[in-house]
file run-v4.txt (compact mmCIF, C-alpha atoms)
# COMPACT_ATOMS: atom_id res chain seq x y z
CA MET A 465 61.31 132.63 178.92
CA LEU A 466 60.59 135.33 181.52
CA GLN A 467 62.95 138.29 181.72
CA LEU A 468 64.13 138.36 185.32
CA SER A 469 66.13 140.90 187.30
CA PHE A 470 69.72 140.17 188.35
CA THR A 471 68.52 139.69 191.93
CA GLU A 472 65.76 137.26 190.94
CA GLU A 473 68.26 135.24 188.91
CA ASN A 474 70.68 135.16 191.82
CA TYR A 475 67.95 133.84 194.11
CA LEU A 476 66.97 131.10 191.65
CA LYS A 477 70.60 130.01 191.30
CA ALA A 478 71.07 130.03 195.08
CA ILE A 479 67.93 127.95 195.69
CA TYR A 480 68.97 125.49 192.98
CA SER A 481 72.44 125.12 194.52
CA ILE A 482 71.05 124.53 198.02
CA GLN A 483 68.52 122.00 196.68
CA GLN A 484 71.34 119.96 195.13
CA HIS A 485 72.74 119.30 198.60
CA SER A 486 69.41 118.77 200.34
CA GLU A 487 68.24 115.21 200.95
CA SER A 488 64.61 116.29 200.71
CA GLY A 489 65.17 118.54 197.70
CA GLU A 490 63.69 121.42 199.68
CA VAL A 491 65.28 124.47 201.30
CA SER A 492 64.47 126.84 204.15
CA VAL A 493 64.26 130.63 204.23
CA ASN A 494 67.19 130.73 206.66
CA GLU A 495 69.38 128.67 204.33
CA ILE A 496 68.68 131.10 201.50
CA ALA A 497 69.30 134.10 203.77
CA GLU A 498 72.68 132.66 204.78
CA ARG A 499 73.64 131.98 201.17
CA MET A 500 72.53 135.43 199.98
CA GLN A 501 73.95 137.15 203.08
CA THR A 502 70.72 138.98 203.82
CA ARG A 503 67.85 138.97 206.32
CA PRO A 504 65.13 136.27 206.32
CA ALA A 505 62.49 138.99 205.90
CA THR A 506 64.17 140.12 202.67
CA VAL A 507 64.19 136.52 201.43
CA THR A 508 60.49 136.16 202.22
CA ASP A 509 59.66 139.24 200.16
CA MET A 510 61.59 137.84 197.18
CA LEU A 511 59.98 134.41 197.52
CA LYS A 512 56.56 136.00 197.27
CA LYS A 513 57.60 137.64 193.98
CA LEU A 514 59.04 134.40 192.62
CA SER A 515 55.93 132.51 193.70
CA GLU A 516 53.71 134.99 191.85
CA LYS A 517 55.77 134.20 188.72
CA SER A 518 55.29 130.45 189.36
CA LEU A 519 59.04 129.94 189.81
CA VAL A 520 58.94 128.49 193.34
CA HIS A 521 56.52 126.41 195.38
CA TYR A 522 56.37 128.54 198.51
CA GLU A 523 54.12 128.58 201.58
CA ARG A 524 54.90 130.70 204.60
CA TYR A 525 56.70 128.88 207.45
CA LYS A 526 57.34 125.83 205.25
CA ARG A 527 60.34 124.60 203.31
CA LEU A 528 60.22 125.39 199.62
CA ARG A 529 61.49 124.20 196.27
CA LEU A 530 61.77 125.45 192.72
CA SER A 531 58.95 124.77 190.31
CA ASP A 532 59.73 123.09 186.98
CA GLY A 533 59.85 126.54 185.42
CA GLY A 534 62.10 127.84 188.18
CA THR A 535 64.45 124.89 187.73
CA ALA A 536 64.62 125.52 183.97
CA HIS A 537 65.51 129.16 184.58
CA ALA A 538 68.12 128.24 187.19
CA LEU A 539 69.77 125.71 184.88
CA GLN A 540 70.08 128.31 182.13
CA ILE A 541 71.76 130.72 184.56
CA VAL A 542 74.12 127.94 185.67
CA ARG A 543 74.79 127.13 182.00
CA LYS A 544 75.75 130.74 181.22
CA HIS A 545 77.92 131.02 184.32
CA ARG A 546 79.89 127.85 183.58
CA LEU A 547 80.29 128.64 179.89
CA TRP A 548 81.68 132.07 180.76
CA GLU A 549 84.04 130.50 183.31
CA THR A 550 85.27 128.14 180.60
CA PHE A 551 85.74 130.99 178.13
CA LEU A 552 87.67 133.10 180.63
CA HIS A 553 89.90 130.18 181.57
CA ASP A 554 90.47 128.60 178.17
CA LYS A 555 90.52 131.65 175.90
CA LEU A 556 91.57 134.57 178.10
CA ASN A 557 93.96 132.69 180.40
CA PHE A 558 92.24 133.55 183.67
CA SER A 559 93.31 131.16 186.43
CA TRP A 560 90.62 128.85 187.81
CA ASP A 561 90.46 130.85 191.05
CA GLU A 562 89.74 134.10 189.14
CA VAL A 563 86.91 133.09 186.82
CA HIS A 564 84.00 132.83 189.26
CA GLU A 565 83.74 136.49 190.20
CA VAL A 566 83.80 137.69 186.58
CA ALA A 567 81.35 135.00 185.45
CA GLU A 568 78.97 136.17 188.20
CA GLN A 569 78.61 139.40 186.23
CA LEU A 570 78.51 137.88 182.75
CA GLU A 571 75.87 135.25 183.61
CA HIS A 572 73.15 137.92 183.58
CA ILE A 573 73.51 138.67 179.85
CA HIS A 574 70.17 137.69 178.32
CA SER A 575 71.16 137.18 174.67
CA GLN A 576 70.44 133.55 173.89
CA LYS A 577 72.14 133.91 170.51
CA LEU A 578 75.34 135.04 172.23
CA ILE A 579 75.31 132.09 174.64
CA ASP A 580 74.66 129.60 171.84
CA ARG A 581 77.54 131.11 169.81
CA LEU A 582 79.76 131.00 172.90
CA ASP A 583 78.95 127.32 173.42
CA GLN A 584 79.75 126.60 169.76
CA HIS A 585 82.98 128.63 169.89
CA LEU A 586 84.16 126.61 172.89
CA GLY A 587 83.38 123.30 171.20
CA TYR A 588 80.35 122.45 173.35
CA PRO A 589 82.27 121.79 176.60
CA ARG A 590 80.63 119.43 179.10
CA PHE A 591 82.53 120.61 182.21
CA ASP A 592 83.85 123.97 183.41
CA PRO A 593 87.38 124.66 184.79
CA HIS A 594 86.32 123.42 188.25
CA GLY A 595 84.91 120.17 186.83
CA ASP A 596 81.28 121.23 187.30
CA PRO A 597 78.90 119.88 184.63
CA ILE A 598 77.59 122.40 182.10
CA PRO A 599 73.87 122.07 181.24
CA ASP A 600 73.19 121.91 177.51
CA ALA A 601 70.71 124.20 175.74
CA GLN A 602 67.86 121.98 176.95
CA GLY A 603 69.08 122.11 180.56
CA ILE A 604 70.35 118.52 180.58
CA LEU A 605 73.42 117.92 182.72
CA PRO A 606 76.12 115.41 181.74
CA PHE A 607 76.89 112.66 184.24
CA SER A 608 79.52 113.64 186.77
CA SER A 609 81.18 111.77 189.62
CA THR A 610 80.22 112.55 193.22
CA LEU A 611 82.94 110.42 194.85
CA LEU A 612 84.97 112.40 197.39
CA LEU A 613 88.66 111.69 197.92
CA SER A 614 87.89 111.42 201.64
CA ASP A 615 85.59 108.44 200.95
CA VAL A 616 87.71 106.36 198.57
CA GLU A 617 89.17 102.94 199.23
CA THR A 618 92.91 103.04 199.73
CA GLY A 619 95.28 101.09 197.52
CA ALA A 620 93.97 102.42 194.21
CA TRP A 621 94.53 105.25 191.71
CA TYR A 622 92.03 108.07 191.31
CA GLU A 623 91.74 111.03 188.97
CA ILE A 624 90.63 114.48 190.15
CA VAL A 625 87.56 115.44 188.11
CA ALA A 626 86.09 118.36 190.09
CA VAL A 627 86.23 120.38 193.28
CA LYS A 628 83.41 120.76 195.77
CA ASP A 629 84.79 124.05 197.10
CA SER A 630 85.53 126.57 194.35
CA SER A 631 86.61 129.40 196.67
CA SER A 632 89.78 131.24 195.70
CA SER A 633 91.56 130.21 198.91
CA PHE A 634 90.93 126.49 198.32
CA LEU A 635 91.86 126.61 194.64
CA GLN A 636 95.06 128.50 195.45
CA GLN A 637 95.95 125.86 198.02
CA LEU A 638 95.48 123.14 195.41
CA GLU A 639 97.73 125.12 193.06
CA LYS A 640 100.48 125.11 195.71
CA LEU A 641 100.09 121.33 195.95
CA SER A 642 100.21 121.07 192.12
CA LEU A 643 96.75 119.50 192.12
CA GLN A 644 94.31 120.27 189.32
CA ILE A 645 91.59 118.69 187.20
CA GLY A 646 93.07 115.57 185.63
CA THR A 647 95.73 114.97 188.29
CA ARG A 648 96.06 111.28 189.24
CA LEU A 649 96.56 110.31 192.88
CA PHE A 650 97.27 106.96 194.50
CA ALA A 651 95.32 106.75 197.78
CA GLN A 652 98.01 105.12 199.87
CA GLU A 653 96.79 105.41 203.44
CA ARG A 654 94.16 107.11 205.59
CA LEU A 655 95.54 108.02 209.00
CA PRO A 656 93.28 106.97 211.89
CA TYR A 657 94.07 109.96 214.12
CA ASP A 658 92.65 112.75 211.95
CA ALA A 659 91.49 110.92 208.77
CA SER A 660 94.09 112.73 206.68
CA MET A 661 95.04 111.04 203.40
CA ILE A 662 98.54 110.02 202.40
CA ALA A 663 98.60 110.03 198.60
CA LYS A 664 101.20 109.53 195.89
CA LYS A 665 101.16 111.86 192.90
CA ASP A 666 102.42 110.52 189.58
CA LYS A 667 104.06 107.49 191.26
CA SER A 668 106.61 109.60 193.11
CA LYS A 669 105.66 112.71 195.11
CA ILE A 670 104.04 111.95 198.49
CA LEU A 671 101.32 114.30 199.74
CA SER A 672 99.59 114.51 203.10
CA LEU A 673 96.09 115.89 202.56
CA SER A 674 93.92 116.94 205.48
CA GLN A 675 90.43 115.52 205.79
CA LYS A 676 88.99 118.96 204.95
CA VAL A 677 90.98 119.11 201.71
CA ALA A 678 90.08 115.52 200.77
CA GLU A 679 86.39 116.24 201.45
CA ASN A 680 86.46 118.95 198.79
CA ILE A 681 88.13 116.99 195.99
CA ILE A 682 85.89 114.94 193.70
CA VAL A 683 87.49 111.96 191.97
CA ARG A 684 86.80 108.92 189.85
CA LYS A 685 88.67 105.64 189.89
CA SER A 686 91.55 105.49 187.46
CA LYS A 687 93.83 102.76 186.14
call {"tool": "encode", "arguments": {"input": "run-v4.txt", "output": "structure tokens"}}
result
Amino acid sequence: MLQLSFTEENYLKAIYSIQQHSESGEVSVNEIAERMQTRPATVTDMLKKLSEKSLVHYERYKRLRLSDGGTAHALQIVRKHRLWETFLHDKLNFSWDEVHEVAEQLEHIHSQKLIDRLDQHLGYPRFDPHGDPIPDAQGILPFSSTLLLSDVETGAWYEIVAVKDSSSSFLQQLEKLSLQIGTRLFAQERLPYDASMIAKKDKSKILSLSQKVAENIIVRKSK
């Protein structure tokens, strides 16, 4: 596999992330510039370099996508990031709102032997502390739910399996509400005025969750 710079890896990961939320599977230069917090001209220069390495399918003034090779590289970066997040959370007792920033640095370690040993040491986890799926060594992702709490049918129990927003501010808000991965909620009522969700937690505590919060909680139906 090609040895890439930190910046090149960050671009591949950003393009992969944007593609996952794109209906067409393609992204624009402006979307990348916004994600990377840089100028479109800077993005264009990087895309030319990535194209020369056959990592992106890029033509000027058109939307672009990762090549198969670019996707493989991106998945390995995602794999390292999520394994490090899991290690920091499970073994070093970092809270789930602290792990992302540190994992951003650790994901650029290129030792495949280290990452394979890390995976083994953790017991081959399938999901990170935020519920995001961890690609295996071949880049295959385990199945994960995409059902948002804001879209569920009321009158049923659901289990929180992931968060769409992994920012520190959102995760800290969930902590204050005592909501985490594995928490079960009964979707009692959706209020017509602002689409906020009235939910019961563990058959007793009543929560009022704004539409914005519910839109960032991923669940699966539970008994």
call {"tool": "atom_distance", "arguments": {"input": "run-v4.txt", "atom1": "CA of Gly587 (chain A)", "atom2": "CA of His537 (chain A)"}}
result
23.1 Å
call {"tool": "residues_around", "arguments": {"input": "run-v4.txt", "residues": "region 577-581 of chain A", "least_positions_apart": "6", "cutoff": "10 Å", "atoms": "all atoms listed in the file", "output": "PDB file with C-alpha atoms, keeping the file's coordinate frame"}}
result
ATOM      1  CA  GLN A 540      70.080 128.310 182.130  1.00  0.00           C
ATOM      2  CA  ARG A 543      74.790 127.130 182.000  1.00  0.00           C
ATOM      3  CA  LYS A 544      75.750 130.740 181.220  1.00  0.00           C
ATOM      4  CA  LEU A 547      80.290 128.640 179.890  1.00  0.00           C
ATOM      5  CA  TRP A 548      81.680 132.070 180.760  1.00  0.00           C
ATOM      6  CA  GLU A 571      75.870 135.250 183.610  1.00  0.00           C
ATOM      7  CA  GLY A 587      83.380 123.300 171.200  1.00  0.00           C
ATOM      8  CA  TYR A 588      80.350 122.450 173.350  1.00  0.00           C
ATOM      9  CA  ASP A 600      73.190 121.910 177.510  1.00  0.00           C
ATOM     10  CA  ALA A 601      70.710 124.200 175.740  1.00  0.00           C
TER      11      ALA A 601
END
call {"tool": "atom_distance", "arguments": {"input": "run-v4.txt", "atom1": "CA of Asn474 (chain A)", "atom2": "CA of Glu679 (chain A)"}}
result
26.4 Å
call {"tool": "closest_residue", "arguments": {"input": "run-v4.txt", "among": "A:Leu514, A:Leu673, A:Ala478, A:Leu539", "to": "Gln602 (chain A)", "atoms": "only C-alpha atoms"}}
result
A:Leu539
call {"tool": "closest_residue", "arguments": {"input": "run-v4.txt", "among": "A:Ile541, A:Ile624, A:Ile662, A:Ile645", "to": "Ile598 (chain A)", "atoms": "all atoms listed in the file"}}
result
A:Ile541
call {"tool": "atom_distance", "arguments": {"input": "run-v4.txt", "atom1": "CA of Ser686 (chain A)", "atom2": "CA of Trp621 (chain A)"}}
result
5.2 Å
call {"tool": "residues_around", "arguments": {"input": "run-v4.txt", "residues": "Glu565 (chain A)", "least_positions_apart": "2", "cutoff": "12 Å", "atoms": "only C-alpha atoms", "output": "number ranges by chain"}}
result
A: 545-546, 548-549, 552, 558-563, 567-571, 630-632
call {"tool": "write_last_selection", "arguments": {"input": "run-v4.txt", "atoms": "C-alpha atoms", "output": "mmCIF file, in the coordinates of the input"}}
result
data_model
loop_
_atom_site.group_PDB
_atom_site.id
_atom_site.type_symbol
_atom_site.label_atom_id
_atom_site.label_comp_id
_atom_site.auth_asym_id
_atom_site.auth_seq_id
_atom_site.Cartn_x
_atom_site.Cartn_y
_atom_site.Cartn_z
ATOM 1 C CA HIS A 545 77.920 131.020 184.320
ATOM 2 C CA ARG A 546 79.890 127.850 183.580
ATOM 3 C CA TRP A 548 81.680 132.070 180.760
ATOM 4 C CA GLU A 549 84.040 130.500 183.310
ATOM 5 C CA LEU A 552 87.670 133.100 180.630
ATOM 6 C CA PHE A 558 92.240 133.550 183.670
ATOM 7 C CA SER A 559 93.310 131.160 186.430
ATOM 8 C CA TRP A 560 90.620 128.850 187.810
ATOM 9 C CA ASP A 561 90.460 130.850 191.050
ATOM 10 C CA GLU A 562 89.740 134.100 189.140
ATOM 11 C CA VAL A 563 86.910 133.090 186.820
ATOM 12 C CA ALA A 567 81.350 135.000 185.450
ATOM 13 C CA GLU A 568 78.970 136.170 188.200
ATOM 14 C CA GLN A 569 78.610 139.400 186.230
ATOM 15 C CA LEU A 570 78.510 137.880 182.750
ATOM 16 C CA GLU A 571 75.870 135.250 183.610
ATOM 17 C CA SER A 630 85.530 126.570 194.350
ATOM 18 C CA SER A 631 86.610 129.400 196.670
ATOM 19 C CA SER A 632 89.780 131.240 195.700
#
call {"tool": "closest_residue", "arguments": {"input": "run-v4.txt", "among": "A:His485, A:Arg648, A:Leu511, A:Gln467", "to": "Ala497 (chain A)", "atoms": "all atoms listed in the file"}}
result
A:Leu511
call {"tool": "closest_residue", "arguments": {"input": "run-v4.txt", "among": "A:Asp615, A:Asp596, A:Glu498, A:Glu473", "to": "Val677 (chain A)", "atoms": "all atoms listed in the file"}}
result
A:Asp615
call {"tool": "residues_around", "arguments": {"input": "run-v4.txt", "residues": "Gly533 (chain A)", "least_positions_apart": "4", "cutoff": "12 Å", "atoms": "all atoms listed in the file", "output": "list in words"}}
result
Met465, Leu466, Leu476, Tyr480, Leu514, Ser515, Lys517, Ser518, Leu519, Val520, His521, Arg529, His537, Ala538, Leu539, Gln540 and Gly603 of chain A
call {"tool": "residues_near_point", "arguments": {"input": "run-v4.txt", "point": "(91.1, 102.2, 200.5)", "cutoff": "8 Å", "atoms": "all atoms listed in the file", "output": "mmCIF file with C-alpha atoms, in the frame of the given file"}}
result
data_model
loop_
_atom_site.group_PDB
_atom_site.id
_atom_site.type_symbol
_atom_site.label_atom_id
_atom_site.label_comp_id
_atom_site.auth_asym_id
_atom_site.auth_seq_id
_atom_site.Cartn_x
_atom_site.Cartn_y
_atom_site.Cartn_z
ATOM 1 C CA VAL A 616 87.710 106.360 198.570
ATOM 2 C CA GLU A 617 89.170 102.940 199.230
ATOM 3 C CA THR A 618 92.910 103.040 199.730
ATOM 4 C CA GLY A 619 95.280 101.090 197.520
ATOM 5 C CA ALA A 620 93.970 102.420 194.210
ATOM 6 C CA ALA A 651 95.320 106.750 197.780
ATOM 7 C CA GLN A 652 98.010 105.120 199.870
ATOM 8 C CA GLU A 653 96.790 105.410 203.440
ATOM 9 C CA ARG A 654 94.160 107.110 205.590
#
call {"tool": "closest_residue", "arguments": {"input": "run-v4.txt", "among": "A:Leu530, A:Lys687, A:Ile681, A:Leu635", "to": "Phe650 (chain A)", "atoms": "only C-alpha atoms"}}
result
A:Lys687
call {"tool": "residues_around", "arguments": {"input": "run-v4.txt", "residues": "Arg684 (chain A)", "least_positions_apart": "5", "cutoff": "9 Å", "atoms": "all atoms listed in the file", "output": "PDB file with C-alpha atoms, in the frame of the given file"}}
result
ATOM      1  CA  SER A 609      81.180 111.770 189.620  1.00  0.00           C
ATOM      2  CA  THR A 610      80.220 112.550 193.220  1.00  0.00           C
ATOM      3  CA  LEU A 611      82.940 110.420 194.850  1.00  0.00           C
ATOM      4  CA  LEU A 612      84.970 112.400 197.390  1.00  0.00           C
ATOM      5  CA  LEU A 613      88.660 111.690 197.920  1.00  0.00           C
ATOM      6  CA  TRP A 621      94.530 105.250 191.710  1.00  0.00           C
ATOM      7  CA  TYR A 622      92.030 108.070 191.310  1.00  0.00           C
ATOM      8  CA  GLU A 623      91.740 111.030 188.970  1.00  0.00           C
ATOM      9  CA  ILE A 624      90.630 114.480 190.150  1.00  0.00           C
ATOM     10  CA  VAL A 625      87.560 115.440 188.110  1.00  0.00           C
TER      11      VAL A 625
END
call {"tool": "residues_around", "arguments": {"input": "run-v4.txt", "residues": "Val491 (chain A)", "least_positions_apart": "6", "cutoff": "7 Å", "atoms": "all atoms listed in the file", "output": "number ranges by chain"}}
result
A: 482-483, 527-529
call {"tool": "closest_residue", "arguments": {"input": "run-v4.txt", "among": "A:Glu490, A:Asp666, A:Glu639, A:Asp554", "to": "Ser531 (chain A)", "atoms": "only C-alpha atoms"}}
result
A:Glu490
call {"tool": "axis_aligned_box", "arguments": {"input": "run-v4.txt", "around": "region 540-554 of chain A", "padding_each_side": "6 Å", "output": "JSON"}}
result
{"center_x": 80.3, "center_y": 130.1, "center_z": 181.9, "size_x": 32.4, "size_y": 18.0, "size_z": 19.5}
